[in-house]
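query02.csv, holding CSV, C-alpha atoms:
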```csv
chain,number,residue,atom,x,y,z
Q,1,MET,CA,5.4,23.6,21.7
Q,2,SER,CA,4.3,19.9,21.2
Q,3,ALA,CA,6.6,17.2,19.8
Q,4,GLY,CA,7.0,17.6,16.1
Q,5,ALA,CA,5.9,21.3,16.2
Q,6,HIS,CA,9.1,22.4,14.5
Q,7,ARG,CA,8.9,19.7,11.7
Q,8,TYR,CA,8.2,20.9,8.2
Q,9,ALA,CA,8.3,19.6,4.7
Q,10,MET,CA,9.1,21.1,1.3
Q,11,ILE,CA,8.0,19.3,-1.9
Q,12,MET,CA,10.1,20.2,-4.9
Q,13,ALA,CA,7.7,20.3,-7.8
Q,14,GLY,CA,9.8,21.9,-10.6
Q,15,GLY,CA,10.8,20.4,-13.9
Q,16,SER,CA,9.0,20.1,-17.2
Q,17,GLY,CA,8.8,16.3,-17.7
Q,18,THR,CA,9.3,16.5,-21.4
Q,19,ARG,CA,10.0,12.8,-21.7
Q,20,LEU,CA,6.3,12.2,-20.7
Q,21,TRP,CA,5.0,14.3,-23.7
Q,22,PRO,CA,2.2,14.6,-24.8
Q,23,MET,CA,0.6,14.1,-21.4
Q,24,SER,CA,3.1,16.4,-19.7
Q,25,ARG,CA,3.2,19.9,-21.2
Q,26,ALA,CA,4.7,23.3,-20.3
Q,27,SER,CA,1.2,24.3,-19.3
Q,28,ARG,CA,0.7,21.2,-17.1
Q,29,PRO,CA,3.9,19.3,-16.3
Q,30,LYS,CA,4.1,15.7,-15.2
Q,31,GLN,CA,3.8,16.4,-11.5
Q,32,LEU,CA,0.3,17.9,-12.0
Q,33,VAL,CA,-1.0,15.2,-14.4
Q,34,PRO,CA,-3.5,12.8,-12.7
Q,35,PHE,CA,-2.2,9.7,-14.5
Q,36,ILE,CA,-1.4,7.3,-11.6
Q,37,GLY,CA,-4.6,5.8,-10.4
Q,38,GLY,CA,-6.3,9.1,-11.0
Q,39,LYS,CA,-3.8,11.1,-8.9
Q,40,SER,CA,-0.8,13.3,-9.8
Q,41,LEU,CA,2.7,12.8,-8.6
Q,42,LEU,CA,2.4,15.9,-6.5
Q,43,GLN,CA,-0.8,14.6,-4.8
Q,44,LEU,CA,1.0,11.3,-4.1
Q,45,ALA,CA,4.0,13.2,-2.6
Q,46,ALA,CA,1.7,15.3,-0.3
Q,47,ALA,CA,-0.3,12.2,0.8
Q,48,ARG,CA,3.0,10.4,1.6
Q,49,LEU,CA,3.6,13.0,4.3
Q,50,ASP,CA,0.3,12.2,6.2
Q,51,GLY,CA,1.2,11.3,9.8
Q,52,VAL,CA,4.7,12.6,9.2
Q,53,VAL,CA,4.3,16.4,8.9
Q,54,ALA,CA,1.2,18.4,9.7
Q,55,PRO,CA,-0.7,19.7,6.6
Q,56,ASP,CA,-0.1,23.4,7.5
Q,57,HIS,CA,3.6,22.7,7.8
Q,58,ARG,CA,4.0,21.5,4.2
Q,59,LEU,CA,5.4,23.8,1.5
Q,60,VAL,CA,5.6,23.3,-2.2
Q,61,CYS,CA,8.3,25.0,-4.4
Q,62,ALA,CA,7.3,25.3,-8.1
Q,63,SER,CA,7.1,27.7,-10.9
Q,64,ASN,CA,5.0,30.8,-10.2
Q,65,SER,CA,3.1,30.0,-13.4
Q,66,TYR,CA,1.7,26.8,-11.7
Q,67,ALA,CA,0.6,28.5,-8.5
Q,68,LYS,CA,-3.2,28.2,-9.2
Q,69,ASP,CA,-2.9,24.5,-10.2
Q,70,VAL,CA,-0.6,23.6,-7.3
Q,71,LEU,CA,-2.9,25.2,-4.7
Q,72,ALA,CA,-5.9,23.4,-6.2
Q,73,THR,CA,-4.1,20.1,-6.3
Q,74,VAL,CA,-2.6,19.8,-2.8
Q,75,PRO,CA,-5.3,19.6,0.0
Q,76,GLY,CA,-4.9,22.2,2.7
Q,77,LEU,CA,-2.0,24.0,0.9
Q,78,SER,CA,-2.2,27.8,1.6
Q,79,ALA,CA,-0.8,30.5,-0.6
Q,80,ALA,CA,1.6,31.4,2.3
Q,81,ASN,CA,3.1,27.9,1.9
Q,82,PHE,CA,3.6,28.1,-1.8
Q,83,LEU,CA,7.2,29.1,-2.8
Q,84,GLY,CA,6.8,30.5,-6.3
Q,85,GLU,CA,10.0,30.5,-8.4
Q,86,PRO,CA,10.0,33.2,-11.1
Q,87,GLU,CA,12.4,30.9,-13.0
Q,88,GLY,CA,14.1,27.6,-12.2
Q,89,ARG,CA,17.5,28.0,-10.6
Q,90,ASP,CA,18.2,24.3,-9.8
Q,91,THR,CA,17.8,22.5,-6.5
Q,92,LEU,CA,20.2,24.3,-4.2
Q,93,ASN,CA,18.2,27.5,-4.5
Q,94,ALA,CA,14.8,25.7,-4.1
Q,95,VAL,CA,16.1,24.2,-0.9
Q,96,GLY,CA,17.6,27.6,0.2
Q,97,PHE,CA,14.3,29.3,-0.6
Q,98,ALA,CA,12.5,27.0,1.7
Q,99,ALA,CA,15.2,27.4,4.4
Q,100,ALA,CA,15.0,31.2,4.2
Q,101,ALA,CA,11.2,31.2,4.4
Q,102,LEU,CA,11.1,28.7,7.3
Q,103,ALA,CA,13.8,30.4,9.3
Q,104,LYS,CA,11.8,33.6,9.2
Q,105,ARG,CA,8.7,31.8,10.3
Q,106,ASP,CA,10.2,29.5,12.9
Q,107,PRO,CA,13.9,29.9,14.0
Q,108,ASP,CA,13.9,26.3,15.2
Q,109,ALA,CA,12.4,24.9,12.0
Q,110,ILE,CA,13.6,21.5,10.7
Q,111,PHE,CA,12.5,20.4,7.3
Q,112,ILE,CA,12.5,17.5,5.0
Q,113,VAL,CA,13.0,18.0,1.2
Q,114,VAL,CA,11.0,15.5,-0.9
Q,115,THR,CA,10.5,15.3,-4.6
Q,116,SER,CA,7.4,15.0,-6.7
Q,117,ASP,CA,9.1,12.6,-9.2
Q,118,HIS,CA,8.7,9.3,-7.4
Q,119,VAL,CA,6.2,6.6,-6.4
Q,120,ILE,CA,7.3,5.3,-3.0
Q,121,GLU,CA,5.9,2.3,-1.2
Q,122,PRO,CA,5.2,1.3,1.5
Q,123,GLN,CA,4.2,4.6,3.1
Q,124,ASP,CA,4.6,3.3,6.7
Q,125,GLU,CA,8.2,2.3,6.2
Q,126,PHE,CA,8.9,5.7,4.5
Q,127,ALA,CA,7.2,7.4,7.5
Q,128,ARG,CA,9.2,5.4,10.0
Q,129,GLN,CA,12.6,6.3,8.5
Q,130,VAL,CA,11.7,10.0,8.0
Q,131,ASP,CA,10.8,10.1,11.8
Q,132,LEU,CA,14.3,8.7,12.5
Q,133,GLY,CA,15.8,11.4,10.3
Q,134,PHE,CA,13.9,14.2,12.1
Q,135,ARG,CA,15.0,12.8,15.5
Q,136,LEU,CA,18.7,12.8,14.4
Q,137,VAL,CA,18.5,16.6,13.5
Q,138,GLU,CA,16.4,17.4,16.6
Q,139,ALA,CA,19.2,15.9,18.7
Q,140,ASP,CA,22.0,17.8,16.9
Q,141,ALA,CA,21.3,20.7,14.6
Q,142,SER,CA,24.7,20.3,12.9
Q,143,ARG,CA,23.5,17.1,11.4
Q,144,ILE,CA,22.2,16.8,7.8
Q,145,VAL,CA,20.3,13.7,6.9
Q,146,THR,CA,20.2,12.0,3.5
Q,147,PHE,CA,18.1,8.9,2.7
Q,148,ALA,CA,19.9,6.1,0.8
Q,149,ILE,CA,17.6,3.8,-1.1
Q,150,THR,CA,18.6,0.1,-0.8
Q,151,PRO,CA,19.6,-0.7,-4.4
Q,152,THR,CA,18.0,-3.7,-6.2
Q,153,PHE,CA,20.0,-3.7,-9.4
Q,154,PRO,CA,23.3,-2.0,-10.6
Q,155,ALA,CA,21.7,1.3,-11.7
Q,156,THR,CA,23.8,3.7,-13.8
Q,157,GLY,CA,21.2,6.4,-13.9
Q,158,TYR,CA,21.4,7.3,-10.1
Q,159,GLY,CA,24.0,8.8,-7.9
Q,160,TYR,CA,25.1,6.8,-4.9
Q,161,VAL,CA,25.8,7.3,-1.2
Q,162,GLU,CA,28.5,5.3,0.6
Q,163,ILE,CA,27.2,4.4,4.1
Q,164,GLY,CA,29.6,4.4,7.0
Q,165,GLU,CA,29.6,3.4,10.7
Q,166,GLY,CA,26.4,3.5,12.8
Q,167,ILE,CA,25.4,6.4,15.0
Q,168,ALA,CA,25.1,5.6,18.7
Q,169,GLY,CA,21.6,5.8,20.0
Q,170,PHE,CA,19.9,5.9,16.6
Q,171,ALA,CA,19.5,2.3,15.3
Q,172,GLY,CA,19.4,2.4,11.5
Q,173,ALA,CA,21.3,5.6,11.1
Q,174,HIS,CA,24.9,5.9,9.8
Q,175,ARG,CA,27.5,8.4,8.9
Q,176,THR,CA,27.8,9.2,5.3
Q,177,LYS,CA,31.3,8.5,3.8
Q,178,ARG,CA,30.8,10.2,0.5
Q,179,PHE,CA,28.5,10.9,-2.5
Q,180,VAL,CA,29.4,9.3,-5.8
Q,181,GLU,CA,28.4,10.5,-9.2
Q,182,LYS,CA,26.4,8.2,-11.6
Q,183,PRO,CA,28.7,5.3,-12.2
Q,184,ASP,CA,29.4,3.1,-15.2
Q,185,LEU,CA,28.0,-0.4,-15.2
Q,186,ALA,CA,31.2,-2.0,-13.8
Q,187,ARG,CA,31.3,0.4,-10.8
Q,188,ALA,CA,27.5,0.1,-10.2
Q,189,LYS,CA,28.0,-3.7,-10.0
Q,190,GLU,CA,30.8,-3.2,-7.5
Q,191,PHE,CA,28.6,-0.9,-5.4
Q,192,LEU,CA,25.8,-3.4,-5.4
Q,193,ALA,CA,28.1,-6.3,-4.4
Q,194,ALA,CA,29.7,-4.2,-1.6
Q,195,GLY,CA,26.4,-3.7,0.2
Q,196,THR,CA,27.5,-0.4,1.6
Q,197,PHE,CA,26.1,1.9,-1.0
Q,198,GLY,CA,22.6,3.2,-1.5
Q,199,TRP,CA,21.0,5.2,-4.3
Q,200,ASN,CA,20.9,9.0,-3.6
Q,201,SER,CA,17.2,9.6,-3.1
Q,202,GLY,CA,17.4,13.4,-3.4
Q,203,MET,CA,15.5,13.6,-0.1
Q,204,PHE,CA,17.2,15.4,2.9
Q,205,ILE,CA,16.5,16.8,6.3
Q,206,PHE,CA,18.1,20.0,7.6
Q,207,SER,CA,17.7,22.5,10.3
Q,208,ALA,CA,16.7,25.7,8.4
Q,209,LYS,CA,19.5,27.6,10.1
Q,210,THR,CA,22.1,25.0,9.4
Q,211,CYS,CA,21.0,24.8,5.8
Q,212,LEU,CA,21.5,28.5,5.4
Q,213,ASP,CA,24.8,28.5,7.2
Q,214,ALA,CA,26.1,25.7,5.0
Q,215,ILE,CA,25.0,27.6,1.8
Q,216,GLY,CA,26.8,30.6,3.2
Q,217,TRP,CA,30.1,28.6,3.7
Q,218,PHE,CA,30.0,26.9,0.3
Q,219,LYS,CA,28.1,29.3,-1.9
Q,220,PRO,CA,28.2,32.7,-0.2
Q,221,GLU,CA,26.9,34.7,-3.2
Q,222,ASN,CA,23.7,32.5,-3.2
Q,223,ARG,CA,23.4,32.9,0.6
Q,224,ALA,CA,23.5,36.7,0.2
Q,225,GLY,CA,20.5,36.6,-2.2
Q,226,LEU,CA,18.6,34.2,0.0
Q,227,ALA,CA,19.1,36.5,3.0
Q,228,LYS,CA,17.3,39.2,1.1
Q,229,ILE,CA,14.4,36.9,0.3
Q,230,GLY,CA,14.3,35.7,3.9
Q,231,GLU,CA,14.1,39.3,5.2
Q,232,ALA,CA,11.3,40.2,2.9
Q,233,TRP,CA,9.3,36.9,3.4
Q,234,GLY,CA,5.9,37.5,4.9
Q,235,THR,CA,6.0,41.2,4.2
Q,236,PRO,CA,4.4,43.2,1.3
Q,237,ALA,CA,7.8,43.3,-0.4
Q,238,ALA,CA,8.1,39.5,-0.6
Q,239,ALA,CA,6.9,39.0,-4.2
Q,240,SER,CA,8.9,41.8,-5.7
Q,241,THR,CA,12.0,40.7,-3.8
Q,242,VAL,CA,11.8,37.2,-5.0
Q,243,ALA,CA,11.1,38.4,-8.5
Q,244,SER,CA,14.2,40.6,-8.6
Q,245,VAL,CA,16.6,38.4,-6.5
Q,246,TYR,CA,15.8,34.8,-7.3
Q,247,PRO,CA,16.8,34.9,-11.0
Q,248,THR,CA,20.3,36.3,-10.0
Q,249,LEU,CA,21.1,33.3,-7.9
Q,250,GLY,CA,23.9,31.0,-9.2
Q,251,LYS,CA,22.4,27.9,-10.8
Q,252,ILE,CA,23.6,24.7,-9.1
Q,253,SER,CA,22.2,21.5,-7.7
Q,254,VAL,CA,22.0,20.8,-3.9
Q,255,ASP,CA,24.2,17.8,-4.4
Q,256,HIS,CA,27.1,19.7,-5.9
Q,257,GLY,CA,26.5,23.0,-4.1
Q,258,LEU,CA,26.0,21.6,-0.6
Q,259,MET,CA,25.8,17.9,0.1
Q,260,GLU,CA,29.1,16.8,-1.4
Q,261,LYS,CA,31.0,19.5,0.4
Q,262,ALA,CA,29.1,19.0,3.7
Q,263,ALA,CA,30.1,15.3,3.7
Q,264,VAL,CA,33.8,16.3,4.2
Q,265,ASP,CA,33.3,19.5,6.3
Q,266,PRO,CA,34.1,19.0,10.0
Q,267,ARG,CA,31.5,21.6,11.0
Q,268,LEU,CA,28.7,19.3,9.8
Q,269,THR,CA,27.7,15.6,10.2
Q,270,VAL,CA,26.0,14.1,7.2
Q,271,CYS,CA,24.0,11.1,8.3
Q,272,ALA,CA,22.6,8.4,6.0
Q,273,VAL,CA,19.4,6.6,6.7
Q,274,PRO,CA,18.9,3.6,4.5
Q,275,MET,CA,15.4,3.0,3.1
Q,276,ALA,CA,14.5,-0.5,2.0
Q,277,ILE,CA,11.5,0.6,0.0
Q,278,SER,CA,10.1,0.6,-3.6
Q,279,TRP,CA,11.3,3.9,-5.1
Q,280,LYS,CA,10.4,4.4,-8.7
Q,281,ASP,CA,11.3,7.5,-10.6
Q,282,VAL,CA,8.5,8.3,-13.0
Q,283,GLY,CA,10.4,10.3,-15.6
Q,284,SER,CA,9.6,8.5,-18.9
Q,285,TRP,CA,7.0,6.2,-20.4
Q,286,PRO,CA,9.0,3.0,-19.7
Q,287,THR,CA,9.3,4.1,-16.0
Q,288,TYR,CA,5.7,5.0,-15.9
Q,289,ALA,CA,5.0,1.4,-17.0
Q,290,GLY,CA,6.8,0.3,-13.9
Q,291,VAL,CA,4.0,1.8,-11.7
Q,292,THR,CA,1.2,0.4,-13.8
Q,293,PRO,CA,-0.1,-3.2,-13.4
Q,294,ALA,CA,0.5,-5.5,-16.4
Q,295,ASP,CA,-2.1,-7.7,-18.0
Q,296,SER,CA,-1.4,-11.3,-18.9
Q,297,SER,CA,0.4,-10.2,-22.1
Q,298,GLY,CA,2.6,-7.6,-20.4
Q,299,ASN,CA,0.6,-4.7,-21.6
Q,300,ARG,CA,0.4,-1.7,-19.2
Q,301,LEU,CA,-3.0,-0.1,-19.8
Q,302,SER,CA,-4.3,3.2,-18.5
Q,303,ALA,CA,-7.0,3.8,-21.2
Q,304,ARG,CA,-10.1,2.3,-22.7
Q,305,THR,CA,-8.6,-0.3,-25.0
Q,306,THR,CA,-9.4,-3.2,-27.3
Q,307,ILE,CA,-6.3,-5.2,-28.2
Q,308,VAL,CA,-5.6,-8.3,-30.2
Q,309,ASP,CA,-2.4,-10.3,-30.3
Q,310,SER,CA,-0.4,-7.5,-28.8
Q,311,ARG,CA,2.1,-7.6,-25.9
Q,312,ASP,CA,4.4,-5.5,-23.8
Q,313,ASN,CA,2.9,-2.2,-24.8
Q,314,VAL,CA,2.2,1.0,-22.8
Q,315,ILE,CA,-1.2,2.5,-23.7
Q,316,VAL,CA,-2.3,5.7,-22.0
Q,317,SER,CA,-5.2,8.1,-22.6
Q,318,ASP,CA,-6.5,11.1,-20.7
Q,319,ASP,CA,-10.0,10.6,-22.3
Q,320,PRO,CA,-11.9,7.7,-20.6
Q,321,ALA,CA,-14.4,7.7,-23.5
Q,322,HIS,CA,-11.8,7.4,-26.3
Q,323,MET,CA,-11.0,3.9,-27.5
Q,324,VAL,CA,-7.5,2.9,-28.3
Q,325,ALA,CA,-7.3,-0.2,-30.5
Q,326,ALA,CA,-4.2,-2.2,-31.3
Q,327,VAL,CA,-3.6,-5.4,-33.4
Q,328,GLY,CA,-0.4,-7.4,-33.6
Q,329,VAL,CA,1.9,-4.8,-32.0
Q,330,GLU,CA,4.6,-5.3,-29.5
Q,331,GLY,CA,6.8,-3.0,-27.4
Q,332,LEU,CA,5.1,0.2,-28.3
Q,333,VAL,CA,4.2,3.3,-26.3
Q,334,ILE,CA,0.9,4.8,-27.4
Q,335,VAL,CA,-0.3,7.9,-25.6
Q,336,HIS,CA,-3.5,9.7,-26.6
Q,337,THR,CA,-4.5,13.3,-25.6
Q,338,ARG,CA,-7.0,15.7,-27.0
Q,339,ASP,CA,-4.7,17.4,-29.4
Q,340,ALA,CA,-1.7,15.0,-29.8
Q,341,THR,CA,-1.0,11.3,-30.1
Q,342,LEU,CA,2.4,9.7,-29.5
Q,343,VAL,CA,3.4,6.3,-31.0
Q,344,CYS,CA,7.0,5.1,-30.5
Q,345,ARG,CA,9.0,2.0,-29.7
Q,346,ALA,CA,9.4,1.6,-25.9
Q,347,ASP,CA,13.2,1.3,-26.5
Q,348,ASP,CA,13.2,4.7,-28.2
Q,349,ALA,CA,11.2,6.4,-25.5
Q,350,GLU,CA,14.1,8.4,-24.1
Q,351,ARG,CA,14.0,10.4,-27.4
Q,352,VAL,CA,10.5,11.7,-26.7
Q,353,LYS,CA,12.2,14.7,-25.1
Q,354,ASP,CA,13.8,15.6,-28.5
Q,355,LEU,CA,10.5,15.1,-30.2
Q,356,ALA,CA,8.7,17.4,-27.8
Q,357,ALA,CA,11.3,20.1,-28.5
Q,358,ARG,CA,10.3,20.0,-32.2
Q,359,MET,CA,6.6,20.5,-31.5
Q,360,PRO,CA,4.9,23.9,-32.4
Q,361,PRO,CA,4.9,26.1,-29.2
Q,362,GLU,CA,1.2,25.4,-28.6
Q,363,LEU,CA,1.8,21.6,-28.3
Q,364,ARG,CA,4.9,21.7,-26.1
```
If you took the structure in this file and wrote it as structure tokens, what would it be?
Amino acid sequence: MSAGAHRYAMIMAGGSGTRLWPMSRASRPKQLVPFIGGKSLLQLAAARLDGVVAPDHRLVCASNSYAKDVLATVPGLSAANFLGEPEGRDTLNAVGFAAAALAKRDPDAIFIVVTSDHVIEPQDEFARQVDLGFRLVEADASRIVTFAITPTFPATGYGYVEIGEGIAGFAGAHRTKRFVEKPDLARAKEFLAAGTFGWNSGMFIFSAKTCLDAIGWFKPENRAGLAKIGEAWGTPAAASTVASVYPTLGKISVDHGLMEKAAVDPRLTVCAVPMAISWKDVGSWPTYAGVTPADSSGNRLSARTTIVDSRDNVIVSDDPAHMVAAVGVEGLVIVHTRDATLVCRADDAERVKDLAARMPPELR
């Protein structure tokens, strides 16, 4: 087979995005909302893989209930490459699901796990570092690669990766010393000053076989269920097997269930590839503002607007004909949709999740 023939990607597209209500709903979560330059986060994640992984080697893992929308959203995505979860069981099982499906399809499969929560730029630097990650695993299947985002401020909302010594023959690659939980501000400042820590990106590269082996060592009960799914994958029994087995899998993140343990297990080598890129998590309206250009008064506008003496506002609408007008307001989030409008202070935007939970079912 040609170079790169065993390279695959799995885009994790779960999550509800309730902090981006009312644009993000249970029926159309944030990853499917085309609110970033007319494209959705899922479309951006798929486009980011251009030149990195062939279109027919890209899988998407998301709720079964979004299958139709996901297939319509991602160019070239086939039903065979959609991994439908009957219910969310956290990220270890999403990764294991992909590994089981790919191991059945291609015993030599190596895959990158990427998320649909982020805006990442520039694409060429992302592609260059991902290629390095693939080459590391192609040279040694016992390696697992994590990508460490070069920090630009002492963030307390991200986990960290401590970066160790370099790996011979692979300039820019290092051993991973450890994974660190989200720190308090004092520790985050220490990490930034040390220069040997990166933000945990949630992106990884595994051999499908090594991934399944590692799950078997650290979470054998999950591995047993994934083995059943793998055996049935590609057969008429696949859908019924996933429906019956997947909800029984123990719920745990890939960080806690696999990566933290792999970093200290002598059977595996966890490698860190630093990425000096712009990496923005679009999880709330203030972080959405970070990917939207500001006008001369600091307003972030993705709507038809007329504003007077107003500054530092986020104004969004999904109706290009609807006018949003504002006079003398500052630091607000205003989001218009067909059946709901949100107005809140930007510094209260984290509470939108609580607000969404209070909505009638048809508006959640």
Next item on the list: Could you tell me how far atom CA of Q:Ala94 lies from atom CA of Q:Gln43, in Å and to one decimal?
Entry: 19.2 Å
Check: What separation in Å, quoted to one decimal, exists between atom CA of Q:Glu330 and atom CA of Q:Asp309?
Finding: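 Computing the Euclidean distance for atom CA of Q:Glu330 and atom CA of Q:Asp309 yields 8.6 Å.
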Next item on the list: Starting from the point (-1.3, -9.1, -23.9), work out which residues of protein, DNA or RNA have an atom no more than 7 Å away when counting all atoms listed in the file; state them as an NGL selection string.
Entry: :Q and (295-299 or 309-312)
Item checked: For Q:Ala262, the nearest of the candidates Q:Thr146, Q:Gln123, Q:Gln31, Q:Ser116, counting all atoms listed in the file -> Q:Thr146
At most 6 Å is the cut-off: for each residue in stretch 137-226 of chain Q with any atom that close to an atom of stretch 273-282 of chain Q, write down the nearest atom pair and the distance in Å rounded to one decimal, counting only C-alpha atoms, chain first then increasing number, as a Markdown table.
```
| residue | atom | partner | partner_atom | distance |
| --- | --- | --- | --- | --- |
| Q:Phe147 | CA | Q:Val273 | CA | 4.8 |
| Q:Ala148 | CA | Q:Pro274 | CA | 4.6 |
| Q:Ile149 | CA | Q:Met275 | CA | 4.8 |
| Q:Thr150 | CA | Q:Ala276 | CA | 5.0 |
| Q:Ala173 | CA | Q:Val273 | CA | 4.9 |
```
Kindly provide the residues of stretch 95-140 of chain Q that approach stretch 221-227 of chain Q to within 9 Å, each paired with its closest atom pair and their distance in Å to one decimal, based on all atoms listed in the file, listed by chain and increasing number, as CSV.
```
residue,atom,partner,partner_atom,distance
Q:Gly96,CA,Q:Leu226,CA,6.7
Q:Phe97,CA,Q:Leu226,CA,6.5
Q:Ala99,CA,Q:Leu226,CA,8.8
Q:Ala100,CA,Q:Leu226,CA,6.3
```
Restrict the calculation to only C-alpha atoms, then for each residue of stretch 8-43 of chain Q with any atom at most 6 Å from an atom of stretch 59-66 of chain Q give the closest atom pair and their distance in Å to one decimal, rows by chain and rising residue number, as a tab-separated table.
```
residue	atom	partner	partner_atom	distance
Q:Met10	CA	Q:Leu59	CA	4.6
Q:Ile11	CA	Q:Val60	CA	4.7
Q:Met12	CA	Q:Cys61	CA	5.2
Q:Ala13	CA	Q:Ala62	CA	5.0
Q:Gly14	CA	Q:Ala62	CA	4.9
```
File dump, residues just selected, C-alpha atoms, as a CSV table (one decimal), in the frame of the given file:
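For reference, again.csv as written:
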```
chain,number,residue,atom,x,y,z
Q,10,MET,CA,9.1,21.1,1.3
Q,11,ILE,CA,8.0,19.3,-1.9
Q,12,MET,CA,10.1,20.2,-4.9
Q,13,ALA,CA,7.7,20.3,-7.8
Q,14,GLY,CA,9.8,21.9,-10.6
```
Next item on the list: Name all residues at most 12 Å from Q:Thr196 (count only C-alpha atoms; drop same-chain ones fewer than 6 positions away) and give them as a ChimeraX atom specification.
Entry: /Q:148-151,160-166,174-178,188,190,272-274
Margin query: Please list as a ChimeraX atom specification every residue within 8 Å of Q:Ala349, counting all atoms listed in the file and excluding residues in the same chain fewer than 3 positions away.
Written below: /Q:19,284-286,333,344-346,352
Please write the residues from the selection above to a file, keeping C-alpha atoms, as a PDB file, keeping the file's coordinate frame.
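Saved file part-v6.pdb follows:
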```pdb
ATOM      1  CA  ARG Q  19      10.000  12.800 -21.700  1.00  0.00           C
ATOM      2  CA  SER Q 284       9.600   8.500 -18.900  1.00  0.00           C
ATOM      3  CA  TRP Q 285       7.000   6.200 -20.400  1.00  0.00           C
ATOM      4  CA  PRO Q 286       9.000   3.000 -19.700  1.00  0.00           C
ATOM      5  CA  VAL Q 333       4.200   3.300 -26.300  1.00  0.00           C
ATOM      6  CA  CYS Q 344       7.000   5.100 -30.500  1.00  0.00           C
ATOM      7  CA  ARG Q 345       9.000   2.000 -29.700  1.00  0.00           C
ATOM      8  CA  ALA Q 346       9.400   1.600 -25.900  1.00  0.00           C
ATOM      9  CA  VAL Q 352      10.500  11.700 -26.700  1.00  0.00           C
TER      10      VAL Q 352
END
```
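The residue that comes closest to Q:Thr156, out of Q:Pro75, Q:Pro183, Q:Gly51, Q:Gly290 and on the basis of all atoms listed in the file, is Q:Pro183.
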Item checked: Among the residues Q:Ser40, Q:Ser253, Q:Thr341, Q:Thr292, the one that comes closest to Q:Lys219 [using only C-alpha atoms] -> Q:Ser253
Item checked: Separation of atom CA of Q:Asp69 from atom CA of Q:Ile315 in Å -> 25.9 Å
Item checked: Proximity to Q:Ala214 - best of Q:Leu185, Q:Ala357, Q:Leu363, Q:Ala263, only C-alpha atoms -> Q:Ala263
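Between Q:Phe35 and the residues Q:Pro320, Q:Gly76, Q:Gly234, Q:Gly169, the shortest atom-to-atom distance, using all atoms listed in the file, involves Q:Pro320.
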